[in-house]
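Student: Submitted below is the structure of interest, expressed as structure tokens.
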Amino acid sequence: MKSCRLAVTFAALVLLLGIVSVSSAQQASAGSKPKHRRYKFVDLGTLGGPVSYESSNGEGNQLLNDSGVIAFSADTAIPDPNPDFCFNFHPDGCFVTHATRWKNGTLKDLGALPGLNSSTTDAINDRGWSVGFSTNGLIDPLVGGAPVDTAVLWNGREMHDLGTLGGLWSLATGITNGGQVVGMATIDESPDPFWDLVGAPWPSPTHPFIWNQGKMTDLGTLGGPDALIAAGCVNQGLVVGSSFTSYTPDSSSGFPPVAPFAWIKGAMKNLGTLGGSFGFAHCGNNRGQVIGASSLAEHPFACFTGEPGCHPFLWERGVLRDLGTLGGDNGLPIWINDAGEIVGEASTANNQATHAFLWRKGVMTDLGSLGDHSHATAINSKSQVVGWYYITGRTEPPFRHAFIWETGGSMVDLNTLIPTNSGLELVAADNINERGEIVGVGVPARCFPDYCGHLFLLIPCTVDEDQDCADKEQTTGVVVQSNAQPVALNSTWTQDASNGHLSPWRMQMVNRYHIQTTRAPRN
């Protein structure tokens with residue numbers, strides 16, 4: 001479920017519709033710099049086990065809504081009943097994991113489907129409803145007897161098993177404020193010939209779906225066997241992802257071409273590519289704009305193979321726009337806000353580094369780094385950007401720190417803006433809402449996030465509060481409930497996240513679908 005980031009090899013000029021439009025973080029910070037707020041710090045804790053987790057759907061999903069409610073998952077103290085297929089691997093033994101919700105200082109166990117099952121959340125809406133998946137007690141012989149997951153919706157006090165499209169597996173990745181759920185599911189139990197190559201979540205053909213008031217609609221594909229759903233940022237109804245366009249494998253790659261799609265007016269629309277044969281949509285906003293990455297013509301499968309020429313794109317009203325890079329070969333977008341501002345990472349000149357970027361109004365700005373490689377994960381309507389960077393020369397974990405960047409300013413390590421007695425090093429910031437609250441992952445000194453990471457919440461101190469407001473550590477209560485009764489409406493651990501050494505497509509797959517990385521039997 002955690003991330004093992006993929007390698008992008010980077011190399012040439014920035015091309016942004018033929019206009020070189022790169023500026024540096026130093027240029028952006030010229031003149032007066034805003035004073036960064038300090039933050040109240042909340043350790044969201046766990047349910048008795050060692051670790052709490054971000055969205056299983058990877059980056060680009062909303063875990064924190066604008067009311068400050070957070071959806072995530074956390075280990076209990078109960079040993080995992082399937083130690084050969086741990087839901088989340090831990091070196092001291094695996095634990096049952098449950099979906100959780102944090103609200104107003106209380107952490108609530110949302111439970112899992114009946115039995116000794118694990119669950120996790122992928123996204124939350126403005127009403128505090130969350131979606132994800134849960135094991136259900138079944139096993140899949142095509143994956144060596146791995147426990148099966150099915151999509152779940154938690155709305156208020158109820159938990160709903162959303163079912164599948166005819167196969168065994170499903171997961172939910174997003175939910176609108178009206179309660180419509182998007183996700184993907186297997187359509188039958190036949191083997192998928194391209195599963196091992198692509199890293200799809202399950203070994204059977206998979207289609208995206210929209211679930212609404214008990215009905216699951218199959219969105220189909222662009223002509224091939226599979227279509228995979230993507231993250232959603234905070235859009236309220238735009239379904240995006242990637243799909244095979246045929247069943248015929250390419251002679252060089254071994255699998256069929258892949259194209260980004262969006263579900264528009266009741267049909268799956270092929271968004272096209274930047275000349276290559278491999279592209280994927282990552283998320284969209286409420287204006288119908290879509291971001292993703294596409295291979296260029298020179299290396300048609302670059303976004304899969306890691307060759308030069310995988311560029312971020314913006315699709316709007318039928319036009320696909322190459323956003324370019326920061327002077328190197330490759331780039332990857334992660335989040336787009338409703339103003340069309342985009343953040344992610346891109347390679348710099350001569351591929352010397354990959355840096356977080358902000359793209360707006362045709363200009364890609366290099367946000368720089370406080371160390372080595374940096375990566376932006378989210379942006380709100382105030383153009384506040386959060387993410388993480390690698391610490392130069394660090395020889396003991398954690399190897400990353402979380403940052404915030406604001407217009408007119410420079411990148412600031414969030415660890416310098418929280419209480420000194422917090423007990424955690426902040427290693428990644430995942431979401432920032434309209435109130436400027438930030439959710440991410442922190443760890444004790446000399447520990448990996450997969451072993452002892454806790455989610456945190458940062459609440460900006462108001463201008464009327466004393467400077468020492470950030471020196472008072474906040475605490476959270478834990479309310480543990482028994483597993484909620486579901487309403488049936490249809491019958492490995494990886495290394496420290498985001499090492500920047502895998503192709504963008506593989507990076508998204510490993511981030512998004514935990515099954516292959518954690519469900520392989522241990523030796």
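Labels for the structure tokens follow display order: chains A, B, ..., residues from 1 in each chain, ligands from 1.
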Counting only C-alpha atoms, what is within 8 Å of Phe280 in chain A, bar same-chain residues fewer than 4 positions away, as a PyMOL selection string?
Tutor: chain A and resi 241-243+258-261+292-294+505
Student: Could you save those same residues with N, CA and C atoms as a PDB file, in the first residue's frame?
Tutor:
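For reference, result.pdb as written:
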ATOM      1  N   GLY A 241      -8.679   8.358 -15.962  1.00  0.00           N
ATOM      2  CA  GLY A 241      -7.800   7.220 -15.774  1.00  0.00           C
ATOM      3  C   GLY A 241      -7.061   6.895 -17.050  1.00  0.00           C
ATOM      4  N   SER A 242      -6.783   5.619 -17.261  1.00  0.00           N
ATOM      5  CA  SER A 242      -6.050   5.170 -18.445  1.00  0.00           C
ATOM      6  C   SER A 242      -6.622   3.837 -18.894  1.00  0.00           C
ATOM      7  N   SER A 243      -6.490   3.559 -20.182  1.00  0.00           N
ATOM      8  CA  SER A 243      -7.097   2.352 -20.738  1.00  0.00           C
ATOM      9  C   SER A 243      -6.249   1.808 -21.877  1.00  0.00           C
ATOM     10  N   VAL A 258      -1.600   2.398 -24.468  1.00  0.00           N
ATOM     11  CA  VAL A 258      -2.397   2.877 -23.332  1.00  0.00           C
ATOM     12  C   VAL A 258      -2.665   4.365 -23.537  1.00  0.00           C
ATOM     13  N   ALA A 259      -3.915   4.790 -23.357  1.00  0.00           N
ATOM     14  CA  ALA A 259      -4.284   6.193 -23.546  1.00  0.00           C
ATOM     15  C   ALA A 259      -5.030   6.716 -22.321  1.00  0.00           C
ATOM     16  N   PRO A 260      -4.897   8.011 -22.031  1.00  0.00           N
ATOM     17  CA  PRO A 260      -5.673   8.614 -20.947  1.00  0.00           C
ATOM     18  C   PRO A 260      -7.130   8.776 -21.363  1.00  0.00           C
ATOM     19  N   PHE A 261      -8.034   8.707 -20.381  1.00  0.00           N
ATOM     20  CA  PHE A 261      -9.443   8.910 -20.684  1.00  0.00           C
ATOM     21  C   PHE A 261     -10.100   9.800 -19.636  1.00  0.00           C
ATOM     22  N   GLY A 292      -2.209  14.789 -16.579  1.00  0.00           N
ATOM     23  CA  GLY A 292      -1.654  13.455 -16.685  1.00  0.00           C
ATOM     24  C   GLY A 292      -0.270  13.521 -17.292  1.00  0.00           C
ATOM     25  N   ALA A 293       0.202  12.395 -17.789  1.00  0.00           N
ATOM     26  CA  ALA A 293       1.522  12.333 -18.418  1.00  0.00           C
ATOM     27  C   ALA A 293       1.429  11.492 -19.678  1.00  0.00           C
ATOM     28  N   SER A 294       2.245  11.826 -20.653  1.00  0.00           N
ATOM     29  CA  SER A 294       2.230  11.118 -21.932  1.00  0.00           C
ATOM     30  C   SER A 294       3.645  10.975 -22.482  1.00  0.00           C
ATOM     31  N   TRP A 505       4.545   5.868 -14.919  1.00  0.00           N
ATOM     32  CA  TRP A 505       3.424   4.940 -14.896  1.00  0.00           C
ATOM     33  C   TRP A 505       3.575   3.936 -13.759  1.00  0.00           C
TER      34      TRP A 505
END
Student: Using 10 Å as the limit and counting only C-alpha atoms, can you tabulate each residue of range 133-165 of chain A that touches range 215-232 of chain A, with its shortest atom-to-atom distance in Å and the two atoms involved, as a tab-separated table?
Tutor:
residue	atom	partner	partner_atom	distance
A:Leu162	CA	A:Met216	CA	7.8
A:Gly163	CA	A:Met216	CA	8.2
A:Thr164	CA	A:Met216	CA	7.8
A:Leu165	CA	A:Asp218	CA	6.9
Student: Please produce a file of those selected residues containing C-alpha atoms, as a PDB file, in the first residue's frame.
Tutor:
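selection12.pdb written:
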ATOM      1  CA  LEU A 162     -20.507  -1.835  -3.074  1.00  0.00           C
ATOM      2  CA  GLY A 163     -19.924  -5.177  -4.763  1.00  0.00           C
ATOM      3  CA  THR A 164     -18.134  -5.724  -8.086  1.00  0.00           C
ATOM      4  CA  LEU A 165     -18.819  -5.832 -11.831  1.00  0.00           C
TER       5      LEU A 165
END
Student: From a DSSP calculation on the backbone, collect every residue of range 154-211 of chain A in strand (DSSP E or B) and output the set as a list in words.
Tutor: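 Those residues are Trp154, Asn155, Glu158, Met159, His160, Asp161, Leu162, Gly163, Ser170, Leu171, Ala172, Thr173, Gly174, Ile175, Val181, Val182, Gly183, Met184, Ala185, Thr186, Thr206, His207, Pro208, Phe209, Ile210 and Trp211 of chain A.
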Student: Leaving out range 177-181 of chain A and any residue of its chain fewer than 5 positions from it, which residues lie within 7 Å of it when counting only C-alpha atoms, given as a CSV table (one decimal) with N, CA and C atoms, in the first residue's frame?
Tutor:
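This is the output file around-v7.csv:
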chain,number,residue,atom,x,y,z
A,125,ASN,N,-15.3,13.2,1.1
A,125,ASN,CA,-16.0,14.3,0.5
A,125,ASN,C,-16.3,15.4,1.6
A,126,ASP,N,-17.0,16.5,1.2
A,126,ASP,CA,-17.3,17.6,2.1
A,126,ASP,C,-18.2,17.2,3.2
A,127,ARG,N,-19.0,16.1,3.0
A,127,ARG,CA,-19.9,15.7,4.1
A,127,ARG,C,-19.2,14.8,5.1
A,172,ALA,N,-12.9,1.5,-4.3
A,172,ALA,CA,-13.5,2.8,-4.5
A,172,ALA,C,-12.4,3.8,-4.3
A,210,ILE,N,-19.0,3.8,-11.9
A,210,ILE,CA,-19.6,4.8,-11.1
A,210,ILE,C,-20.8,4.1,-10.3
A,211,TRP,N,-20.8,4.3,-9.0
A,211,TRP,CA,-21.8,3.7,-8.2
A,211,TRP,C,-22.7,4.8,-7.7
A,212,ASN,N,-24.0,4.6,-7.8
A,212,ASN,CA,-25.0,5.7,-7.4
A,212,ASN,C,-26.2,5.0,-6.9
A,236,GLN,N,-15.6,16.9,-8.4
A,236,GLN,CA,-16.9,16.4,-8.0
A,236,GLN,C,-17.7,15.7,-9.1
Student: Given only C-alpha atoms as the basis, pick out the residue of A:Ala146, A:Leu326, A:Val319, A:Val385 nearest to Gly288 in chain A.
Tutor: A:Val319
Student: Using only C-alpha atoms, find the one residue out of A:Gly266, A:Asp192, A:Val439, A:Met364 that sits nearest to Val69 in chain A.
Tutor: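 Distance minimum relative to Val69 in chain A lands on A:Val439.
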Student: Determine which residues of range 111-271 of chain A DSSP labels as alpha helix (DSSP H) from the backbone of this structure, then write them out as a ChimeraX atom specification.
Tutor: /A:195-198
Student: Let's have the selection written as a short mmCIF file (atom, residue, chain, number, x, y, z; two decimals), in the first residue's frame, with C-alpha atoms.
Tutor:
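The resulting selection_39.cif:
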data_model
loop_
_atom_site.label_atom_id
_atom_site.label_comp_id
_atom_site.auth_asym_id
_atom_site.auth_seq_id
_atom_site.Cartn_x
_atom_site.Cartn_y
_atom_site.Cartn_z
CA TRP A 195 -1.52 -8.10 -15.51
CA ASP A 196 2.15 -8.83 -14.76
CA LEU A 197 3.42 -6.33 -17.34
CA VAL A 198 1.28 -3.37 -16.37
#
Student: So the first atom is CA of Gly167 in chain A and the second is CA of Thr186 in chain A; what is the distance between them in Å, to one decimal place?
Tutor: 4.7 Å
Student: Select from range 304-404 of chain A every residue with an atom at most 12 Å from any atom of range 33-53 of chain A, then for each give the shortest pair of atoms and their distance in Å to one decimal, using only C-alpha atoms, rows by chain and rising number, as JSON lines.
Tutor:
{"residue": "A:Gln384", "atom": "CA", "partner": "A:His36", "partner_atom": "CA", "distance": 10.8}
{"residue": "A:Phe403", "atom": "CA", "partner": "A:His36", "partner_atom": "CA", "distance": 11.4}
{"residue": "A:Ile404", "atom": "CA", "partner": "A:His36", "partner_atom": "CA", "distance": 8.9}
Student: Considering only C-alpha atoms, state which residue in the set A:His373, A:Trp102, A:Asn286, A:Cys303 is at the smallest distance from Leu274 in chain A.
Tutor: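 Once distances to Leu274 in chain A are computed over only C-alpha atoms, the minimum belongs to A:Cys303.
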